[in-house]
>>> print(open('protein08.csv').read())   # CSV, C-alpha atoms and all ligand atoms
chain,number,residue,atom,x,y,z
A,660,MET,CA,-41.4,-13.6,-22.2
A,661,THR,CA,-40.6,-10.7,-24.5
A,662,TYR,CA,-44.2,-9.5,-24.8
A,663,GLU,CA,-46.6,-8.2,-22.2
A,664,PHE,CA,-49.7,-10.3,-21.5
A,665,ASP,CA,-50.1,-9.6,-17.8
A,666,HIS,CA,-51.2,-6.0,-18.2
A,667,THR,CA,-53.9,-4.9,-20.5
A,668,LEU,CA,-56.2,-2.0,-21.2
A,669,ASP,CA,-59.1,-1.7,-18.8
A,670,HIS,CA,-61.7,-3.2,-21.0
A,671,ARG,CA,-64.5,-2.4,-18.6
A,672,HIS,CA,-64.0,1.2,-19.6
A,673,ASN,CA,-63.5,1.0,-23.4
A,674,HIS,CA,-66.1,-0.1,-25.9
A,675,SER,CA,-65.5,-3.8,-25.6
A,676,TYR,CA,-68.5,-6.0,-26.4
A,677,ARG,CA,-67.0,-8.6,-24.0
A,678,TRP,CA,-66.5,-6.4,-21.0
A,679,ASN,CA,-68.7,-3.4,-21.3
A,680,MET,CA,-72.3,-4.0,-22.2
A,681,PRO,CA,-75.3,-2.0,-20.8
A,682,GLY,CA,-76.3,-3.5,-17.4
A,683,PHE,CA,-73.0,-5.3,-16.7
A,684,PRO,CA,-72.0,-4.8,-13.0
A,685,GLU,CA,-68.9,-2.6,-12.4
A,686,ASP,CA,-66.8,-5.6,-11.4
A,687,VAL,CA,-67.8,-7.9,-14.3
A,688,ILE,CA,-65.3,-10.2,-15.8
A,689,GLY,CA,-65.8,-10.5,-19.6
A,690,MET,CA,-65.4,-14.1,-20.8
A,691,GLY,CA,-67.7,-14.2,-23.7
A,692,THR,CA,-67.0,-12.8,-27.2
A,693,ALA,CA,-64.0,-14.4,-28.9
A,694,ASP,CA,-61.3,-11.7,-28.8
A,695,LEU,CA,-58.2,-11.5,-26.7
A,696,ASP,CA,-57.5,-8.9,-24.0
A,697,TYR,CA,-53.8,-8.5,-24.8
A,698,GLU,CA,-51.9,-5.7,-26.5
A,699,CYS,CA,-51.0,-6.8,-30.0
A,700,ALA,CA,-47.6,-7.4,-31.5
A,701,PRO,CA,-45.6,-4.1,-31.8
A,702,CYS,CA,-45.2,-4.5,-35.6
A,703,LEU,CA,-48.9,-3.5,-35.8
A,704,ARG,CA,-48.4,-0.1,-34.2
A,705,GLU,CA,-45.5,0.6,-36.6
A,706,ALA,CA,-47.4,-0.5,-39.7
A,707,LEU,CA,-50.5,1.5,-38.8
A,708,ARG,CA,-48.6,4.6,-37.8
A,709,THR,CA,-47.1,4.7,-41.3
A,710,VAL,CA,-50.5,4.7,-42.8
A,711,ALA,CA,-51.9,7.2,-40.4
A,712,GLU,CA,-49.0,9.6,-41.0
A,713,GLU,CA,-49.7,9.7,-44.7
A,714,ASN,CA,-53.3,10.5,-43.8
A,715,THR,CA,-54.3,9.4,-47.3
A,716,TYR,CA,-56.7,6.6,-47.9
A,717,ASN,CA,-57.0,6.2,-51.6
A,718,TYR,CA,-57.7,2.9,-53.4
A,719,ARG,CA,-54.5,0.8,-52.8
A,720,GLN,CA,-53.1,-2.0,-54.9
A,721,LYS,CA,-51.8,-5.1,-53.3
A,722,THR,CA,-48.0,-4.7,-53.4
A,723,GLN,CA,-45.5,-7.3,-54.3
A,724,ALA,CA,-44.5,-7.3,-50.6
A,725,TYR,CA,-48.1,-8.3,-49.7
A,726,ARG,CA,-48.2,-11.1,-52.3
A,727,ASP,CA,-44.8,-12.4,-51.2
A,728,ALA,CA,-46.0,-12.3,-47.6
A,729,VAL,CA,-49.2,-14.2,-48.4
A,730,LYS,CA,-47.2,-16.9,-50.1
A,731,ASP,CA,-44.8,-17.1,-47.2
A,732,PHE,CA,-47.6,-17.2,-44.6
A,733,TYR,CA,-49.3,-20.2,-46.2
A,734,HIS,CA,-45.9,-21.9,-46.3
A,735,ARG,CA,-45.1,-21.2,-42.7
A,736,PHE,CA,-48.5,-21.9,-41.1
A,737,TYR,CA,-50.0,-24.5,-43.4
A,738,ASP,CA,-47.1,-26.0,-45.3
A,739,LEU,CA,-48.9,-25.1,-48.5
A,740,ASP,CA,-47.1,-23.9,-51.6
A,741,ILE,CA,-49.7,-21.6,-53.0
A,742,ASP,CA,-50.0,-19.1,-55.9
A,743,PRO,CA,-51.0,-15.7,-54.3
A,744,ALA,CA,-53.2,-15.1,-57.4
A,745,LYS,CA,-55.5,-17.8,-56.1
A,746,VAL,CA,-56.0,-15.9,-52.8
A,747,TRP,CA,-58.7,-13.2,-52.4
A,748,ASN,CA,-59.4,-10.9,-49.4
A,749,VAL,CA,-62.8,-10.3,-47.8
A,750,PRO,CA,-63.3,-8.0,-44.9
A,751,SER,CA,-64.7,-10.7,-42.6
A,752,THR,CA,-64.6,-14.5,-42.2
A,753,VAL,CA,-68.4,-14.7,-42.0
A,754,GLY,CA,-68.7,-12.4,-45.1
A,755,ALA,CA,-66.3,-14.8,-46.9
A,756,VAL,CA,-68.5,-17.7,-45.9
A,757,ARG,CA,-71.6,-15.9,-47.2
A,758,LEU,CA,-69.9,-15.2,-50.5
A,759,ALA,CA,-68.8,-18.8,-50.9
A,760,LEU,CA,-72.3,-19.9,-50.2
A,761,ASN,CA,-73.5,-17.6,-53.0
A,762,CYS,CA,-71.0,-19.2,-55.3
A,763,PHE,CA,-71.2,-22.8,-54.5
A,764,SER,CA,-74.8,-23.5,-53.6
A,765,ALA,CA,-78.1,-22.3,-54.8
A,766,PRO,CA,-81.0,-20.6,-53.0
A,767,GLY,CA,-83.2,-23.2,-51.3
A,768,ASP,CA,-80.3,-25.7,-51.1
A,769,TYR,CA,-79.4,-27.5,-47.9
A,770,VAL,CA,-76.1,-26.8,-46.2
A,771,ILE,CA,-74.7,-29.1,-43.5
A,772,MET,CA,-72.7,-28.1,-40.5
A,773,GLN,CA,-71.6,-29.8,-37.3
A,774,THR,CA,-73.3,-28.8,-34.0
A,775,PRO,CA,-72.8,-27.5,-31.4
A,776,HIS,CA,-72.0,-24.6,-33.7
A,777,PHE,CA,-71.0,-21.0,-33.9
A,778,GLY,CA,-74.4,-19.3,-34.0
A,779,PRO,CA,-73.7,-16.5,-36.6
A,780,LEU,CA,-72.8,-19.1,-39.2
A,781,LEU,CA,-76.3,-20.5,-39.0
A,782,HIS,CA,-77.7,-17.0,-39.5
A,783,CYS,CA,-75.2,-16.6,-42.4
A,784,VAL,CA,-76.6,-19.7,-44.1
A,785,GLU,CA,-80.2,-18.8,-43.5
A,786,GLY,CA,-79.5,-15.2,-44.6
A,787,ALA,CA,-78.2,-16.5,-47.9
A,788,GLY,CA,-81.6,-18.2,-48.5
A,789,ARG,CA,-80.2,-21.7,-47.9
A,790,HIS,CA,-81.4,-24.2,-45.3
A,791,ILE,CA,-79.3,-25.7,-42.6
A,792,VAL,CA,-79.0,-29.3,-41.6
A,793,LEU,CA,-77.1,-30.1,-38.4
A,794,ASN,CA,-74.8,-33.0,-37.8
A,795,GLU,CA,-74.4,-33.4,-34.1
A,796,MET,CA,-71.0,-34.3,-32.7
A,797,ILE,CA,-70.8,-37.0,-30.1
A,798,LEU,CA,-69.4,-36.4,-26.7
A,799,LYS,CA,-67.6,-39.6,-25.5
A,800,ASP,CA,-65.4,-39.7,-22.4
A,801,GLY,CA,-64.9,-35.9,-22.4
A,802,HIS,CA,-64.0,-35.8,-26.1
A,803,TYR,CA,-66.1,-34.8,-29.1
A,804,GLU,CA,-66.2,-37.1,-32.1
A,805,LEU,CA,-67.7,-36.9,-35.5
A,806,ASP,CA,-70.9,-38.8,-36.4
A,807,LEU,CA,-69.9,-39.7,-39.9
A,808,ALA,CA,-72.9,-42.0,-40.5
A,809,ASP,CA,-75.3,-39.3,-39.6
A,810,PHE,CA,-73.3,-36.8,-41.7
A,811,GLU,CA,-73.7,-39.0,-44.9
A,812,ASN,CA,-77.3,-39.9,-44.2
A,813,LYS,CA,-78.3,-36.3,-43.8
A,814,ILE,CA,-76.4,-35.3,-46.9
A,815,LYS,CA,-78.3,-37.9,-48.9
A,816,GLU,CA,-81.7,-37.2,-47.3
A,817,TYR,CA,-81.5,-33.5,-47.9
A,818,HIS,CA,-79.6,-33.5,-51.1
A,819,VAL,CA,-77.0,-31.3,-49.4
A,820,THR,CA,-74.8,-29.3,-51.8
A,821,ALA,CA,-72.4,-27.6,-49.4
A,822,TYR,CA,-70.6,-28.5,-46.2
A,823,LEU,CA,-69.7,-25.6,-43.9
A,824,MET,CA,-66.8,-27.1,-42.1
A,825,VAL,CA,-65.4,-25.2,-39.0
A,826,ASN,CA,-62.0,-26.5,-38.2
A,827,PRO,CA,-60.7,-26.0,-35.6
A,828,GLN,CA,-64.3,-26.3,-34.4
A,829,ASN,CA,-66.0,-23.6,-32.4
A,830,PRO,CA,-67.2,-24.2,-29.7
A,831,THR,CA,-65.8,-27.7,-29.0
A,832,GLY,CA,-62.2,-26.7,-29.6
A,833,ARG,CA,-61.6,-29.8,-31.7
A,834,VAL,CA,-58.8,-29.9,-34.3
A,835,PHE,CA,-59.9,-32.5,-36.9
A,836,THR,CA,-57.3,-35.2,-37.5
A,837,GLU,CA,-56.1,-36.2,-40.9
A,838,ALA,CA,-58.3,-39.4,-40.7
A,839,GLU,CA,-61.4,-37.4,-39.8
A,840,LEU,CA,-60.7,-34.9,-42.6
A,841,ASN,CA,-60.2,-37.7,-45.1
A,842,ALA,CA,-63.4,-39.4,-44.0
A,843,LEU,CA,-65.4,-36.2,-44.3
A,844,THR,CA,-63.9,-35.4,-47.7
A,845,GLU,CA,-64.6,-38.9,-49.1
A,846,ILE,CA,-68.3,-38.5,-48.1
A,847,CYS,CA,-68.4,-35.0,-49.7
A,848,VAL,CA,-66.7,-36.2,-52.9
A,849,ARG,CA,-69.0,-39.2,-53.2
A,850,ASN,CA,-72.1,-37.0,-52.8
A,851,ASN,CA,-71.0,-33.9,-54.9
A,852,VAL,CA,-70.8,-31.6,-51.9
A,853,THR,CA,-68.6,-28.6,-51.9
A,854,ILE,CA,-66.5,-28.0,-48.8
A,855,ILE,CA,-66.5,-24.4,-47.4
A,856,SER,CA,-63.9,-24.6,-44.7
A,857,ASP,CA,-63.8,-21.8,-42.0
A,858,GLU,CA,-60.4,-22.1,-40.5
A,859,VAL,CA,-60.4,-18.8,-38.5
A,860,HIS,CA,-59.3,-20.6,-35.3
A,861,SER,CA,-56.3,-22.4,-36.9
A,862,LEU,CA,-53.5,-20.1,-35.7
A,863,ILE,CA,-53.6,-21.0,-32.0
A,864,VAL,CA,-53.2,-24.7,-31.6
A,865,TYR,CA,-52.0,-26.6,-28.5
A,866,GLY,CA,-49.5,-29.3,-27.8
A,867,ASP,CA,-49.2,-32.1,-30.4
A,868,HIS,CA,-52.4,-31.2,-32.2
A,869,LYS,CA,-51.7,-30.1,-35.8
A,870,HIS,CA,-54.1,-28.1,-37.9
A,871,LEU,CA,-54.4,-29.4,-41.5
A,872,PRO,CA,-55.9,-26.9,-43.9
A,873,ILE,CA,-58.5,-28.5,-46.1
A,874,LEU,CA,-56.5,-27.8,-49.3
A,875,SER,CA,-53.6,-29.9,-48.0
A,876,LEU,CA,-55.7,-33.0,-48.6
A,877,PRO,CA,-55.3,-34.0,-52.3
A,878,ALA,CA,-58.9,-35.4,-52.5
A,879,ALA,CA,-60.4,-32.2,-51.0
A,880,ARG,CA,-58.4,-29.8,-53.1
A,881,PRO,CA,-60.7,-29.8,-56.2
A,882,VAL,CA,-63.9,-29.4,-54.1
A,883,SER,CA,-62.9,-27.0,-51.4
A,884,VAL,CA,-62.6,-23.4,-50.4
A,885,GLN,CA,-60.4,-22.5,-47.5
A,886,ILE,CA,-61.1,-19.4,-45.5
A,887,VAL,CA,-58.7,-18.1,-42.9
A,888,SER,CA,-58.3,-14.8,-41.1
A,889,LEU,CA,-55.5,-13.4,-38.9
A,890,SER,CA,-58.1,-11.9,-36.6
A,891,LYS,CA,-58.4,-14.7,-33.9
A,892,GLY,CA,-54.7,-15.5,-33.7
A,893,PHE,CA,-53.3,-12.0,-33.7
A,894,ASN,CA,-56.2,-10.1,-32.0
A,895,ILE,CA,-57.0,-7.9,-34.9
A,896,MET,CA,-60.8,-8.4,-35.0
A,897,SER,CA,-61.4,-4.8,-35.9
A,898,LEU,CA,-58.8,-4.8,-38.7
A,899,PRO,CA,-60.4,-7.7,-40.5
A,900,HIS,CA,-59.0,-9.3,-43.6
A,901,ALA,CA,-60.0,-12.8,-44.3
A,902,LEU,CA,-58.2,-14.7,-47.0
A,903,VAL,CA,-59.9,-17.1,-49.3
A,904,LEU,CA,-58.0,-19.8,-51.2
A,905,ILE,CA,-59.4,-21.9,-54.0
A,906,ASP,CA,-57.6,-24.2,-56.3
A,907,ASN,CA,-60.1,-25.6,-58.8
A,908,PRO,CA,-60.2,-23.4,-61.9
A,909,GLU,CA,-63.9,-23.9,-62.4
A,910,MET,CA,-64.6,-22.9,-58.8
A,911,ILE,CA,-62.3,-19.9,-59.2
A,912,GLY,CA,-64.4,-18.8,-62.2
A,913,ASN,CA,-67.6,-18.8,-60.1
A,914,TRP,CA,-65.9,-17.1,-57.2
A,915,VAL,CA,-64.3,-14.3,-59.3
A,916,ARG,CA,-67.7,-13.5,-60.9
A,917,GLU,CA,-69.3,-13.1,-57.5
A,918,TYR,CA,-66.4,-11.6,-55.7
A,919,GLY,CA,-66.0,-8.8,-58.3
A,920,THR,CA,-69.4,-7.5,-57.6
A,921,TYR,CA,-68.4,-6.5,-54.0
A,922,SER,CA,-65.3,-4.5,-54.8
A,923,PHE,CA,-63.5,-6.0,-51.8
A,924,GLY,CA,-60.2,-6.5,-53.7
A,925,TYR,CA,-60.2,-2.9,-55.0
A,926,ALA,CA,-61.4,-1.0,-51.9
A,927,THR,CA,-59.3,-2.9,-49.4
A,928,ASN,CA,-59.0,-1.1,-46.0
A,929,SER,CA,-55.5,0.4,-46.0
A,930,PHE,CA,-55.0,-0.1,-42.3
A,931,ALA,CA,-56.0,-3.8,-42.5
A,932,LEU,CA,-53.7,-4.2,-45.5
A,933,ALA,CA,-50.7,-2.6,-43.7
A,934,ALA,CA,-51.4,-4.7,-40.5
A,935,VAL,CA,-51.8,-8.0,-42.2
A,936,THR,CA,-48.8,-7.5,-44.5
A,937,SER,CA,-46.5,-7.2,-41.4
A,938,ILE,CA,-48.1,-10.3,-39.8
A,939,LEU,CA,-48.1,-12.3,-43.0
A,940,ALA,CA,-44.4,-11.6,-43.4
A,941,GLY,CA,-43.8,-13.1,-40.0
A,942,GLU,CA,-43.1,-10.0,-37.9
A,943,ALA,CA,-45.6,-11.2,-35.2
A,944,ASP,CA,-44.8,-15.0,-35.2
A,945,GLU,CA,-42.9,-14.8,-32.0
A,946,TRP,CA,-45.7,-12.8,-30.4
A,947,LEU,CA,-48.1,-15.6,-31.4
A,948,ARG,CA,-45.9,-18.3,-30.0
A,949,GLU,CA,-45.7,-16.5,-26.6
A,950,CYS,CA,-49.4,-15.8,-26.7
A,951,THR,CA,-50.2,-19.4,-27.3
A,952,ALA,CA,-48.0,-20.4,-24.4
A,953,TYR,CA,-49.7,-17.9,-22.1
A,954,LEU,CA,-53.1,-19.1,-23.1
A,955,ALA,CA,-52.0,-22.7,-22.5
A,956,GLU,CA,-51.2,-21.7,-18.9
A,957,ASN,CA,-54.6,-20.3,-18.4
A,958,GLN,CA,-56.1,-23.5,-19.8
A,959,LYS,CA,-54.0,-25.5,-17.4
A,960,MET,CA,-55.1,-23.3,-14.5
A,961,LEU,CA,-58.8,-23.9,-15.4
A,962,MET,CA,-58.4,-27.7,-15.7
A,963,GLU,CA,-56.5,-28.0,-12.5
A,964,TYR,CA,-58.8,-25.7,-10.5
A,965,VAL,CA,-61.9,-27.7,-11.6
A,966,GLN,CA,-60.2,-30.9,-10.7
A,967,GLU,CA,-58.7,-29.9,-7.4
A,968,LYS,CA,-61.8,-28.2,-6.1
A,969,LYS,CA,-63.9,-31.1,-7.4
A,970,LEU,CA,-66.3,-28.7,-9.1
A,971,PRO,CA,-69.4,-30.4,-10.8
A,972,LEU,CA,-68.2,-29.2,-14.2
A,973,GLN,CA,-66.6,-31.1,-17.1
A,974,VAL,CA,-64.2,-29.0,-19.1
A,975,ILE,CA,-63.7,-30.3,-22.6
A,976,THR,CA,-59.9,-29.8,-23.3
A,977,PRO,CA,-59.6,-27.2,-26.0
A,978,GLU,CA,-57.2,-28.4,-28.7
A,979,ALA,CA,-57.1,-24.9,-30.3
A,980,SER,CA,-58.1,-21.3,-29.8
A,981,PHE,CA,-59.0,-19.8,-26.4
A,982,MET,CA,-62.5,-20.9,-25.6
A,983,ALA,CA,-63.3,-23.6,-23.0
A,984,TRP,CA,-66.5,-25.6,-23.6
A,985,ILE,CA,-67.8,-26.7,-20.2
A,986,ASP,CA,-70.5,-29.2,-19.5
A,987,CYS,CA,-72.6,-27.9,-16.6
A,988,ARG,CA,-75.3,-30.5,-16.8
A,989,ALA,CA,-74.4,-32.1,-13.4
A,990,SER,CA,-73.9,-28.7,-11.7
A,991,GLY,CA,-77.4,-28.1,-10.4
A,992,LEU,CA,-77.5,-24.8,-12.2
A,993,ASN,CA,-80.5,-23.8,-14.3
A,994,THR,CA,-79.5,-25.0,-17.7
A,995,ASP,CA,-82.2,-22.8,-19.3
A,996,ASP,CA,-80.3,-19.7,-18.1
A,997,LEU,CA,-76.6,-20.6,-17.6
A,998,ASP,CA,-75.3,-17.2,-18.7
A,999,GLY,CA,-77.8,-15.6,-16.2
A,1000,GLU,CA,-76.6,-17.9,-13.4
A,1001,PHE,CA,-72.9,-17.0,-14.0
A,1002,MET,CA,-73.7,-13.3,-14.3
A,1003,GLU,CA,-75.8,-13.2,-11.2
A,1004,LYS,CA,-73.7,-15.4,-8.9
A,1005,ALA,CA,-70.1,-14.7,-10.1
A,1006,HIS,CA,-70.4,-11.4,-12.2
A,1007,ILE,CA,-68.9,-13.3,-15.1
A,1008,SER,CA,-70.3,-12.7,-18.6
A,1009,LEU,CA,-69.9,-15.7,-20.9
A,1010,ASN,CA,-71.7,-17.5,-23.7
A,1011,ASP,CA,-74.6,-19.8,-22.9
A,1012,GLY,CA,-74.2,-23.1,-24.7
A,1013,LYS,CA,-77.8,-23.1,-26.0
A,1014,ASP,CA,-76.9,-20.2,-28.2
A,1015,HIS,CA,-74.7,-22.8,-30.0
A,1016,GLY,CA,-77.7,-24.9,-30.8
A,1017,GLU,CA,-79.8,-27.4,-28.8
A,1018,ALA,CA,-76.7,-29.7,-28.6
A,1019,GLY,CA,-75.1,-27.0,-26.5
A,1020,ARG,CA,-77.9,-26.8,-23.9
A,1021,GLY,CA,-76.3,-27.3,-20.5
A,1022,PHE,CA,-72.9,-26.1,-21.5
A,1023,ILE,CA,-71.1,-22.7,-21.3
A,1024,ARG,CA,-68.3,-21.3,-23.5
A,1025,LEU,CA,-65.7,-19.5,-21.5
A,1026,ASN,CA,-63.1,-17.3,-23.2
A,1027,TYR,CA,-59.9,-17.5,-21.2
A,1028,ALA,CA,-57.9,-15.0,-23.2
A,1029,VAL,CA,-57.5,-12.9,-20.1
A,1030,THR,CA,-54.5,-12.1,-17.8
A,1031,HIS,CA,-53.4,-14.8,-15.3
A,1032,ALA,CA,-54.6,-12.5,-12.5
A,1033,VAL,CA,-58.1,-12.2,-14.1
A,1034,MET,CA,-58.2,-15.9,-14.7
A,1035,ARG,CA,-57.4,-16.6,-11.0
A,1036,GLU,CA,-60.1,-14.2,-9.9
A,1037,ALA,CA,-62.6,-15.8,-12.3
A,1038,LEU,CA,-61.8,-19.2,-11.0
A,1039,ASP,CA,-62.3,-18.2,-7.4
A,1040,ARG,CA,-65.6,-16.7,-8.3
A,1041,ILE,CA,-66.7,-19.9,-10.1
A,1042,GLY,CA,-65.4,-22.0,-7.2
A,1043,ALA,CA,-67.5,-19.8,-4.7
A,1044,MET,CA,-70.6,-20.6,-6.7
A,1045,PHE,CA,-70.4,-24.2,-5.6
A,1046,GLN,CA,-69.5,-23.8,-1.9
B,1,LIG,C1,-66.0,-20.2,-36.6
B,1,LIG,C2,-66.0,-18.7,-36.6
B,1,LIG,N1,-66.1,-18.1,-37.9
B,1,LIG,C3,-66.1,-16.8,-37.9
B,1,LIG,C4,-66.0,-16.0,-36.8
B,1,LIG,C5,-66.0,-14.5,-37.0
B,1,LIG,O1,-64.9,-14.1,-37.8
B,1,LIG,P1,-65.0,-12.6,-38.5
B,1,LIG,O2,-65.1,-11.6,-37.3
B,1,LIG,O3,-63.7,-12.5,-39.2
B,1,LIG,O4,-66.2,-12.6,-39.4
B,1,LIG,C6,-65.9,-16.5,-35.6
B,1,LIG,C7,-65.8,-15.7,-34.4
B,1,LIG,O5,-65.8,-16.1,-33.2
B,1,LIG,C8,-65.9,-17.9,-35.5
B,1,LIG,O6,-65.8,-18.5,-34.3
>>> encode(input="protein08.csv", output="structure tokens", more="lines below")
Ligand SMILES: Cc1ncc(COP(=O)(O)O)c(C=O)c1O
Amino acid sequence: MTYEFDHTLDHRHNHSYRWNMPGFPEDVIGMGTADLDYECAPCLREALRTVAEENTYNYRQKTQAYRDAVKDFYHRFYDLDIDPAKVWNVPSTVGAVRLALNCFSAPGDYVIMQTPHFGPLLHCVEGAGRHIVLNEMILKDGHYELDLADFENKIKEYHVTAYLMVNPQNPTGRVFTEAELNALTEICVRNNVTIISDEVHSLIVYGDHKHLPILSLPAARPVSVQIVSLSKGFNIMSLPHALVLIDNPEMIGNWVREYGTYSFGYATNSFALAAVTSILAGEADEWLRECTAYLAENQKMLMEYVQEKKLPLQVITPEASFMAWIDCRASGLNTDDLDGEFMEKAHISLNDGKDHGEAGRGFIRLNYAVTHAVMREALDRIGAMFQ
């Protein structure tokens, strides 16, 4: 490997949400919040140094290099030939979702989303004055499937106007197939539902799974907004720069009216701009490839350990990103307080499934974007819980 993933900052002694919260024991292993422990691609240091050396943070235009890099990025990662004039930046993915809700639904409307779900998106919907309707995914033989009948029934029953799709899905790690995306789209088109597609987890995808952006489906193109961010793939959570792509001219009109009131395009963070320009241009692609391979090894270690030690846990194989969704319902642990159990018995901080909705009760979400050494230690501690 060219890049370093085995040695990282000591996150117990920086201001990491994952590793360093009040009350955490000194030997805690942080496996919650969805960021990566690794040092970023070197191109970021170079890009940011140039900005810091100027020490001037005026309003900055998007350069031609940025626009070219945006176009190139959509081509490389999504096989989409896009017009960069149809792409807008918002400082966070969740913020972009909130803005899209403002544009493509009305206060009091119902918005549908699959569950188990990423909790902050539910707050985002409710904070926008919309109601949420949950479409529960079905766990069958260790694999999550969509319940399309329930999806359409609920859309009709609640007169849903927007579908907040999360693909790849958090926390189940599912990458929706073309057939699934087509089925979801057909239902949305039939019922006049706008698709707001949060694709923040689309950059790290394993094996034969292939992420298809919503705008790659001809039927979805006129009714969809695609939101991506480089944050989860390239570990730049605090240099946020989500990208919003819309194709339908009428939808663009609505979006531009709302977007303009926030000044995000004008007052774009110059560090984020420099960082993403280098990434969009492809300077960190090899880093991402190596990072994905490293994460795949951690995933394999987890699956093998649970199997070999016959732990009473069922790991749902993640198809993307770096969070393992683990069924603990047969473990004998207190499913009302799984995060407390893992903290108390293994000094591991992680996310309790019930924070991902009732459908997540009895599950944990384990972030495995740690070094191999930390992964081994975490697995031994989990194994010891069941001895
Ligand atoms: C589905 C999903 N959307 C959005 C976010 C947050 O992204 P951002 O920090 O860019 O708002 C996360 C973070 O884990 C997520 O899982």
>>> residues_near_ligand(input="protein08.csv", ligand="ligand LIG 1 (chain B)", cutoff="9 Å", atoms="all atoms listed in the file", output="tab-separated table (two decimals) with C-alpha atoms, in the coordinates of the input")
chain	number	residue	atom	x	y	z
A	692	THR	CA	-67.00	-12.80	-27.20
A	693	ALA	CA	-64.00	-14.40	-28.90
A	694	ASP	CA	-61.30	-11.70	-28.80
A	749	VAL	CA	-62.80	-10.30	-47.80
A	750	PRO	CA	-63.30	-8.00	-44.90
A	751	SER	CA	-64.70	-10.70	-42.60
A	752	THR	CA	-64.60	-14.50	-42.20
A	753	VAL	CA	-68.40	-14.70	-42.00
A	754	GLY	CA	-68.70	-12.40	-45.10
A	755	ALA	CA	-66.30	-14.80	-46.90
A	756	VAL	CA	-68.50	-17.70	-45.90
A	776	HIS	CA	-72.00	-24.60	-33.70
A	777	PHE	CA	-71.00	-21.00	-33.90
A	778	GLY	CA	-74.40	-19.30	-34.00
A	779	PRO	CA	-73.70	-16.50	-36.60
A	780	LEU	CA	-72.80	-19.10	-39.20
A	824	MET	CA	-66.80	-27.10	-42.10
A	825	VAL	CA	-65.40	-25.20	-39.00
A	826	ASN	CA	-62.00	-26.50	-38.20
A	827	PRO	CA	-60.70	-26.00	-35.60
A	828	GLN	CA	-64.30	-26.30	-34.40
A	829	ASN	CA	-66.00	-23.60	-32.40
A	830	PRO	CA	-67.20	-24.20	-29.70
A	857	ASP	CA	-63.80	-21.80	-42.00
A	858	GLU	CA	-60.40	-22.10	-40.50
A	859	VAL	CA	-60.40	-18.80	-38.50
A	860	HIS	CA	-59.30	-20.60	-35.30
A	887	VAL	CA	-58.70	-18.10	-42.90
A	888	SER	CA	-58.30	-14.80	-41.10
A	889	LEU	CA	-55.50	-13.40	-38.90
A	890	SER	CA	-58.10	-11.90	-36.60
A	891	LYS	CA	-58.40	-14.70	-33.90
A	896	MET	CA	-60.80	-8.40	-35.00
A	897	SER	CA	-61.40	-4.80	-35.90
A	899	PRO	CA	-60.40	-7.70	-40.50
A	900	HIS	CA	-59.00	-9.30	-43.60
A	901	ALA	CA	-60.00	-12.80	-44.30
>>> atom_distance(input="protein08.csv", atom1="atom CA of Asp768 of chain A", atom2="atom CA of Gly924 of chain A")
27.9 Å
>>> residues_around(input="protein08.csv", residues="Glu845 of chain A", least_positions_apart="6", cutoff="10 Å", atoms="only C-alpha atoms", output="PyMOL selection string")
chain A and resi 839+851-852+878-879
>>> residues_around(input="protein08.csv", residues="Lys968 of chain A", least_positions_apart="2", cutoff="10 Å", atoms="all atoms listed in the file", output="list in words")
Glu963, Tyr964, Val965, Gln966, Leu970, Pro971, Gly1042, Phe1045 and Gln1046 of chain A
>>> atom_distance(input="protein08.csv", atom1="atom CA of Ile846 of chain A", atom2="atom CA of Glu811 of chain A")
6.3 Å
>>> atom_distance(input="protein08.csv", atom1="atom CA of Thr951 of chain A", atom2="atom CA of Ala1037 of chain A")
19.8 Å
>>> closest_atom_pairs(input="protein08.csv", of="segment 797-902 of chain A", to="segment 956-959 of chain A", cutoff="12 Å", atoms="all atoms listed in the file", output="tab-separated table")
residue	atom	partner	partner_atom	distance
A:Gly832	CA	A:Gln958	CA	12.0
A:Tyr865	CA	A:Gln958	CA	10.1
A:Gly866	CA	A:Glu956	CA	11.8
>>> write_last_selection(input="protein08.csv", atoms="C-alpha atoms", output="short mmCIF file (atom, residue, chain, number, x, y, z; two decimals), in the coordinates of the input")
data_model
loop_
_atom_site.label_atom_id
_atom_site.label_comp_id
_atom_site.auth_asym_id
_atom_site.auth_seq_id
_atom_site.Cartn_x
_atom_site.Cartn_y
_atom_site.Cartn_z
CA GLY A 832 -62.20 -26.70 -29.60
CA TYR A 865 -52.00 -26.60 -28.50
CA GLY A 866 -49.50 -29.30 -27.80
#
>>> closest_residue(input="protein08.csv", among="A:Asn841, A:Thr853, A:Asn1026, A:Thr936", to="Pro977 of chain A", atoms="all atoms listed in the file")
A:Asn1026
>>> closest_residue(input="protein08.csv", among="A:Leu904, A:Ala931, A:Val834, A:Ala926", to="Leu703 of chain A", atoms="only C-alpha atoms")
A:Ala931
>>> residues_around(input="protein08.csv", residues="Tyr733 of chain A", least_positions_apart="5", cutoff="12 Å", atoms="only C-alpha atoms", output="PyMOL selection string")
chain A and resi 726-728+738-743+745-746+861-862+871-872+874-875+885-889+902-904+938-941
>>> residues_around(input="protein08.csv", residues="Leu798 of chain A", least_positions_apart="3", cutoff="12 Å", atoms="only C-alpha atoms", output="list in words")
Thr774, Pro775, Glu795, Gly801, His802, Tyr803, Glu804, Leu805, Asp806, Thr831, Arg833, Gln973, Val974, Ile975, Trp984, Ile985, Asp986, Ala1018 and Gly1019 of chain A
